[in-house]
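Here is the structure we will look at.
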Amino acid sequence: MIDGKVDISKFQEEVKPIDIKYYLIKYSRYWPLYVTSIFLGLIIAFLFHRYSVEEYEVQGSILIKQNSSPEMRILDRSNIFSGAYNLENDILMLTSKNLAADAISKLHLNVTYYASTNIKEVELYDQSPIYVEVDPSFPQMELGEITFTMISDEEFVLTREESGFFDFLNAKAAGPMDEAILNRTFRFEEDIVSDKSHFKIHKKKRLEAGDKLSFVVHNSVNVIDDYARAISVRPINSYGTVLQVTMVTKVVEKGRDYVNALMDSYIDYNLKEKNLMTENTLKFLDEQLFIVEDSLKAVERKILNFKVENKLMDVNSEFGGVLGNMQSLEDQVQNIDFQLQYYQSLQQYLIEKGKDYSDILAPSLVGIDDGVLNGLVSSLISVSLDRRKLLALVNENHPSVTELDEQITKLRENIFENIDNLVANTIKRKEQALAMLEDEDVEFSKLPQAESQFMGLNREFKLRENLYNYLLEKRAEAGIARASNISDNSVLDYARRGNLIFPKKPQNYGLAFGLGLGTFYPIGLIIRIPLSEQ
């Protein structure tokens, strides 16, 4: 101590630096223990991987195109200055049970096939040598795993396999068994019927006597629920409209096929909804064509009989201009009546319908080229389709449904106002055409009686013929529109391969190596070394 202070230099001299080289040389003699411990850890990881059922992640992507009309953007003021597109409805649709049911119907997913190996049980999927055809009209009960065993070229027996020690690692379905079909011999293509099941088994590949595999027949409702839950959908980024469809599966090919089928089903659904308006137009035109065709044939018979009875070969060319003018005016009046009939039916439709106007007949498809009315009706159809899609996923009290209802109400009011103006203008045009037709009737009355009657029949024939040709033309246009129609959305990338997500082999081997290196056994030996040896 110097002047009451502690001299720490002596303590500093006593501290010795750690000699790393000394410890490495000293403990290196225990390397066999480290190697043995690391080897055991890697063996455990290897066995875990070998007996685990692998899980893969398969992904596809679908492009959702924004298709919003100017009228819609005006009515939806919250979205006038925004280019963002709400993908929530599309995500809910892709994860819905209705779409899952449609995708499952394209694939054979109500039956699962397994093959047992010395290591673990694997699912065969499309590599199965047999095909179990389930009767779709029968309320199939979900059964446990049934073992199929060949006993001859065309015969087999169904039994129940006892559970093994490693069955908890497999994807087996646990469920009740149909004792009525067990331990019985059947032939391929034979109906296997009981109170719980109804199916038949087909042979896809050659089988030898003694070959075995197992299968599980699933209930269709359970299959739909499982696959709907297995799908996850999310936007790839926050500023785009591309959705990534992901599924975790134990069989890459099965997951890939389902994701692709689901995306195709979504495209088909979108196209079906888009074609709904065209289908309604074709139905309306077919009904009108059937009526006009009958009346046209009736007039043709009248003209033929009249010519035979009156020996009339031609009419006086002097009155050809009168007849032509009258036919033109009558065509005009008929077209006006057709428009008025459409306006009245449209008003009645809007009054009687609730809030679903997806099956309304667009004005442009029946020859009415008023731009404002066409735009309003197209927007009403679009909003109604969105509302119907949304109601398949949520109830009517959902905020999104309420927002669409408000847009529909505004559109209805605008359409009613527009129709009132169109009806008033159309009635004025009809009155003018009828006045001109009365003037032509005066000239027509000067014709001789026989020629007058003939020309009257001819006028009626031309009138119906023109209407028939007009309807045929519109039907052809609607048919072309339906054939050339494509979905607003498209598949960007189909699922092609799967990424292994369980077990994570590199991480597991790394963890096994680390645990083996630092395991308690060699560390414990080192810790027990007396300090005197140091």
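The chains in the structure tokens are called A, B, ... from first to last as shown; in each chain the residues are counted from 1, and the ligands are counted from 1 in the order shown.
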
Please identify which residues in region 114-340 of chain A DSSP calls helix (DSSP H, G or I) from the backbone, and express them as an MDAnalysis selection string.
chainID A and resid 125:127 167:169 179:181 220:230 252:310 317:340

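The environment of Arg497 (chain A) within 10 Å, counting only C-alpha atoms and disregarding residues fewer than 5 places along the same chain, consists of Tyr56, Glu57, Val58, Gln59, Gly60, Val252, Glu253, Gly255 and Arg256 of chain A.
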
Could you tell me, as a PyMOL selection string, which residues of region 386-497 of chain A DSSP assigns to strand (DSSP E or B) when given the backbone?
chain A and resi 490-493

I'd like to know which of A:Leu276, A:Ile44, A:Val251, A:Ile62 is closest to Gly516 (chain A), using only C-alpha atoms.
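The closest residue to Gly516 (chain A) is A:Ile44.
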
Could you name the residues that touch region 461-468 of chain A at 10 Å or less, counting only C-alpha atoms, but leaving out those on the same chain fewer than 5 positions away, as a PyMOL selection string?
chain A and resi 288-300+302-303+327-328+330-331+334-335+455-456+473-474

re CA of Asn222 (chain A) and CA of Tyr131 (chain A): distance 20.2 Å

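When CA of Asn508 (chain A) is paired with CA of Ala45 (chain A), their separation reads 6.4 Å.
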
Skip region 186-197 of chain A itself and residues of its chain fewer than 5 positions away, then list as a PyMOL selection string all residues within 7 Å of it, counting only C-alpha atoms.
chain A and resi 140-141+154-157+178+180+202-203

Residue nearest Leu385 (chain A) among A:Met277, A:Leu350, A:Leu285, A:Val216 (counting only C-alpha atoms):
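Nearest to Leu385 (chain A): A:Met277.
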
Suppose you want the space between CA of Lys430 (chain A) and CA of Val333 (chain A); what is it in Å?
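If I compute the distance from CA of Lys430 (chain A) to CA of Val333 (chain A), I get 6.0 Å.
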
Ranking A:Gln127, A:Gln341, A:Asn418, A:Ser214 by minimum distance to Ile146 (chain A) and counting only C-alpha atoms, which one comes first?
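Comparing A:Gln127, A:Gln341, A:Asn418, A:Ser214 against Ile146 (chain A), the winner is A:Ser214.
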